[in-house]
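Here is the structure we will look at, set down as structure tokens.
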Amino acid sequence: MSTQVVESWKLVTSIDNYEEVAGKILYTNKVIHAAPEVYPLFSFSKDYDILSDEMFEAPKFKKHAAGVIRTIDKTVQMLQNSNISEFVDVLGKLGKRHIKYGVVEAHYPVLGNAVFQTLEEAIGDGFTPEVKEGWVEVWGVISKAMIEGAAN
């Protein structure tokens, strides 16, 4: 599992400016389309129309999207180094912080599916059923840690 996740993530990180590119794919085509009701939860939503060109160029949007990708990047690094248990604490704190933004448990599957679709779009044929299975397992760790952190 971890080898497939790590190797597939290397394909993503080989894309020029991958944090911004993957972040934009994640939020443009996946999260906001799948669950437009979450748009008001983002700080940049107050300043831009949903899915507007201006939104995608906004520094707040880019920072947020890149931050999500960096969190996934850090998770993959920890997985590669067999240190995922250390990162669970960080993810728990992140989950707790997201309560104040209005994030609820039902949002995690939406984001998980968006991550899988983003990976599929970004790496194409490299996103095999085995790779997806590995990512589903990794997302399970991420979402569980964040949900538990939010509950404590």
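Each chain in the structure tokens gets a letter, A, B, ..., in the order shown, and its residues are numbered from 1; ligands are numbered from 1 in order too.
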Set out as a Markdown table a contact list for range 70-145 of chain A and range 17-24 of chain A with a cut-off of 10 Å, giving each residue of range 70-145 of chain A that qualifies its closest atom pair and distance in Å to one decimal, counting only C-alpha atoms, ordered by chain and rising residue number.
```
| residue | atom | partner | partner_atom | distance |
| --- | --- | --- | --- | --- |
| A:Arg70 | CA | A:Glu19 | CA | 6.9 |
| A:Asp73 | CA | A:Glu19 | CA | 9.1 |
| A:Val115 | CA | A:Ala22 | CA | 9.1 |
| A:Thr118 | CA | A:Ala22 | CA | 6.8 |
| A:Leu119 | CA | A:Ala22 | CA | 8.1 |
| A:Glu121 | CA | A:Ala22 | CA | 9.2 |
| A:Ala122 | CA | A:Ala22 | CA | 7.2 |
```
Please save N, CA, C and O atoms of the selected residues as a PDB file, in the first residue's frame.
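Once everything was written out, this is selection_8.pdb:
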```pdb
ATOM      1  N   ARG A  70       0.076  20.433   0.550  1.00  0.00           N
ATOM      2  CA  ARG A  70       1.251  20.245   1.419  1.00  0.00           C
ATOM      3  C   ARG A  70       0.947  19.279   2.561  1.00  0.00           C
ATOM      4  O   ARG A  70       1.809  18.500   2.968  1.00  0.00           O
ATOM      5  N   ASP A  73       1.179  15.979   1.076  1.00  0.00           N
ATOM      6  CA  ASP A  73       2.598  15.746   0.831  1.00  0.00           C
ATOM      7  C   ASP A  73       3.291  15.289   2.121  1.00  0.00           C
ATOM      8  O   ASP A  73       4.039  14.311   2.126  1.00  0.00           O
ATOM      9  N   VAL A 115      -9.980  14.259  -3.550  1.00  0.00           N
ATOM     10  CA  VAL A 115      -8.552  13.926  -3.625  1.00  0.00           C
ATOM     11  C   VAL A 115      -8.331  12.792  -4.612  1.00  0.00           C
ATOM     12  O   VAL A 115      -7.442  12.860  -5.472  1.00  0.00           O
ATOM     13  N   THR A 118      -8.787  14.038  -8.104  1.00  0.00           N
ATOM     14  CA  THR A 118      -7.665  14.911  -8.468  1.00  0.00           C
ATOM     15  C   THR A 118      -6.460  14.082  -8.840  1.00  0.00           C
ATOM     16  O   THR A 118      -5.793  14.353  -9.849  1.00  0.00           O
ATOM     17  N   LEU A 119      -6.172  13.057  -8.055  1.00  0.00           N
ATOM     18  CA  LEU A 119      -5.042  12.174  -8.358  1.00  0.00           C
ATOM     19  C   LEU A 119      -5.245  11.485  -9.708  1.00  0.00           C
ATOM     20  O   LEU A 119      -4.327  11.403 -10.514  1.00  0.00           O
ATOM     21  N   GLU A 121      -6.996  12.537 -12.218  1.00  0.00           N
ATOM     22  CA  GLU A 121      -6.821  13.518 -13.289  1.00  0.00           C
ATOM     23  C   GLU A 121      -5.354  13.884 -13.469  1.00  0.00           C
ATOM     24  O   GLU A 121      -4.868  14.027 -14.595  1.00  0.00           O
ATOM     25  N   ALA A 122      -4.635  14.018 -12.361  1.00  0.00           N
ATOM     26  CA  ALA A 122      -3.238  14.457 -12.423  1.00  0.00           C
ATOM     27  C   ALA A 122      -2.298  13.384 -12.971  1.00  0.00           C
ATOM     28  O   ALA A 122      -1.369  13.697 -13.710  1.00  0.00           O
TER      29      ALA A 122
END
```
Using DSSP assignments from the backbone, pull out every residue in chain A that falls under alpha helix (DSSP H) and give it to me as number ranges by chain.
A: 2-13, 18-25, 32-34, 53-57, 59-80, 84-99, 107-123, 129-151
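Straight-line separation from CA of Leu41 in chain A to CA of Thr71 in chain A: 18.7 Å.
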Between CA of Ile99 in chain A and CA of Asp47 in chain A, measure the distance and give it in Å to one decimal.
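CA of Asp47 in chain A lies 21.5 Å from CA of Ile99 in chain A.
Considering the residues A:Lys132, A:Lys74, A:His107, A:Lys96 and counting only C-alpha atoms, Ala145 in chain A has its shortest atom-to-atom contact with A:Lys96.
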What are the closest atom pairs, with distances in Å to one decimal, for each residue of range 67-124 of chain A lying within 10 Å of range 2-11 of chain A, using only C-alpha atoms, rows by chain and rising residue number, as CSV?
```
residue,atom,partner,partner_atom,distance
A:Ile72,CA,A:Trp9,CA,9.1
A:Asp73,CA,A:Trp9,CA,7.8
A:Thr75,CA,A:Val6,CA,9.8
A:Val76,CA,A:Val6,CA,6.1
A:Gln77,CA,A:Val6,CA,7.8
A:Leu79,CA,A:Ser2,CA,6.6
A:Gln80,CA,A:Val6,CA,6.6
A:Asn81,CA,A:Ser2,CA,9.9
A:Ser82,CA,A:Ser2,CA,9.1
A:Leu119,CA,A:Trp9,CA,8.3
A:Glu120,CA,A:Ser8,CA,9.9
A:Ala122,CA,A:Leu11,CA,8.2
A:Ile123,CA,A:Leu11,CA,6.3
A:Gly124,CA,A:Leu11,CA,9.8
```
Need to verify the contact set: Lys100 in chain A, 12 Å, only C-alpha atoms, exclusion of same-chain residues closer than 2 positions in sequence. Can you return it as number ranges by chain?
A: 41-43, 94-98, 102-104, 150
Atoms to include: all heavy atoms. Write the selected residues as a short mmCIF file (atom, residue, chain, number, x, y, z; two decimals), in the first residue's frame.
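Below you can see result09.cif, which holds the result:
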```
data_model
loop_
_atom_site.label_atom_id
_atom_site.label_comp_id
_atom_site.auth_asym_id
_atom_site.auth_seq_id
_atom_site.Cartn_x
_atom_site.Cartn_y
_atom_site.Cartn_z
N LEU A 41 -17.61 28.23 3.69
CA LEU A 41 -16.70 27.92 4.79
C LEU A 41 -15.29 28.46 4.55
O LEU A 41 -14.51 28.59 5.49
CB LEU A 41 -16.61 26.41 4.99
CG LEU A 41 -17.91 25.67 5.31
CD1 LEU A 41 -17.64 24.18 5.47
CD2 LEU A 41 -18.60 26.24 6.53
N PHE A 42 -14.97 28.78 3.30
CA PHE A 42 -13.62 29.24 2.96
C PHE A 42 -13.51 30.75 3.11
O PHE A 42 -14.41 31.49 2.70
CB PHE A 42 -13.26 28.83 1.53
CG PHE A 42 -13.27 27.34 1.33
CD1 PHE A 42 -14.30 26.73 0.64
CD2 PHE A 42 -12.25 26.55 1.83
CE1 PHE A 42 -14.32 25.36 0.45
CE2 PHE A 42 -12.26 25.18 1.66
CZ PHE A 42 -13.30 24.58 0.97
N SER A 43 -12.39 31.20 3.65
CA SER A 43 -12.20 32.64 3.88
C SER A 43 -12.28 33.44 2.58
O SER A 43 -12.77 34.56 2.56
CB SER A 43 -10.87 32.90 4.58
OG SER A 43 -9.79 32.48 3.77
N LEU A 94 -5.26 19.72 13.53
CA LEU A 94 -5.82 20.35 12.33
C LEU A 94 -7.34 20.15 12.29
O LEU A 94 -8.09 21.07 11.98
CB LEU A 94 -5.16 19.76 11.08
CG LEU A 94 -5.47 20.39 9.75
CD1 LEU A 94 -5.02 21.85 9.71
CD2 LEU A 94 -4.76 19.61 8.63
N GLY A 95 -7.79 18.96 12.64
CA GLY A 95 -9.22 18.69 12.69
C GLY A 95 -9.93 19.57 13.72
O GLY A 95 -11.00 20.11 13.46
N LYS A 96 -9.29 19.73 14.87
CA LYS A 96 -9.87 20.59 15.92
C LYS A 96 -9.97 22.03 15.45
O LYS A 96 -10.97 22.71 15.67
CB LYS A 96 -9.02 20.49 17.19
CG LYS A 96 -9.64 21.19 18.37
CD LYS A 96 -8.89 20.82 19.64
CE LYS A 96 -9.64 21.22 20.87
NZ LYS A 96 -10.74 20.35 21.19
N ARG A 97 -8.93 22.50 14.76
CA ARG A 97 -8.93 23.88 14.25
C ARG A 97 -10.03 24.09 13.21
O ARG A 97 -10.61 25.17 13.11
CB ARG A 97 -7.56 24.20 13.66
CG ARG A 97 -7.38 25.67 13.33
CD ARG A 97 -5.98 26.02 12.97
NE ARG A 97 -5.58 25.30 11.78
CZ ARG A 97 -4.33 24.92 11.53
NH1 ARG A 97 -3.37 25.19 12.37
NH2 ARG A 97 -4.04 24.27 10.43
N HIS A 98 -10.34 23.04 12.44
CA HIS A 98 -11.35 23.18 11.39
C HIS A 98 -12.78 23.28 11.91
O HIS A 98 -13.69 23.65 11.16
CB HIS A 98 -11.19 22.04 10.37
CG HIS A 98 -10.16 22.33 9.34
ND1 HIS A 98 -8.82 22.35 9.62
CD2 HIS A 98 -10.28 22.64 8.02
CE1 HIS A 98 -8.15 22.64 8.54
NE2 HIS A 98 -9.00 22.84 7.55
N GLY A 102 -16.42 25.59 10.53
CA GLY A 102 -17.71 24.99 10.21
C GLY A 102 -17.60 23.63 9.55
O GLY A 102 -18.60 23.09 9.07
N VAL A 103 -16.41 23.05 9.53
CA VAL A 103 -16.22 21.72 8.94
C VAL A 103 -16.86 20.68 9.86
O VAL A 103 -16.67 20.71 11.08
CB VAL A 103 -14.72 21.42 8.72
CG1 VAL A 103 -14.52 19.99 8.23
CG2 VAL A 103 -14.13 22.41 7.74
N VAL A 104 -17.61 19.77 9.25
CA VAL A 104 -18.27 18.69 9.99
C VAL A 104 -17.82 17.36 9.39
O VAL A 104 -17.25 17.30 8.30
CB VAL A 104 -19.80 18.83 9.96
CG1 VAL A 104 -20.26 20.12 10.66
CG2 VAL A 104 -20.34 18.77 8.54
N ALA A 150 -11.25 16.69 16.11
CA ALA A 150 -12.36 17.64 16.22
C ALA A 150 -13.30 17.27 17.37
O ALA A 150 -13.90 18.16 17.98
CB ALA A 150 -13.14 17.69 14.90
#
```
Point-to-point distance from CA of Asp125 in chain A to CA of Phe87 in chain A, Å rounded to tenths:
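Atom-to-atom, CA of Asp125 in chain A to CA of Phe87 in chain A, that is 29.5 Å.
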9 Å contact set for Leu51 in chain A, only C-alpha atoms, chain neighbours under 6 positions out, as a ChimeraX atom specification
/A:27-28,32-33
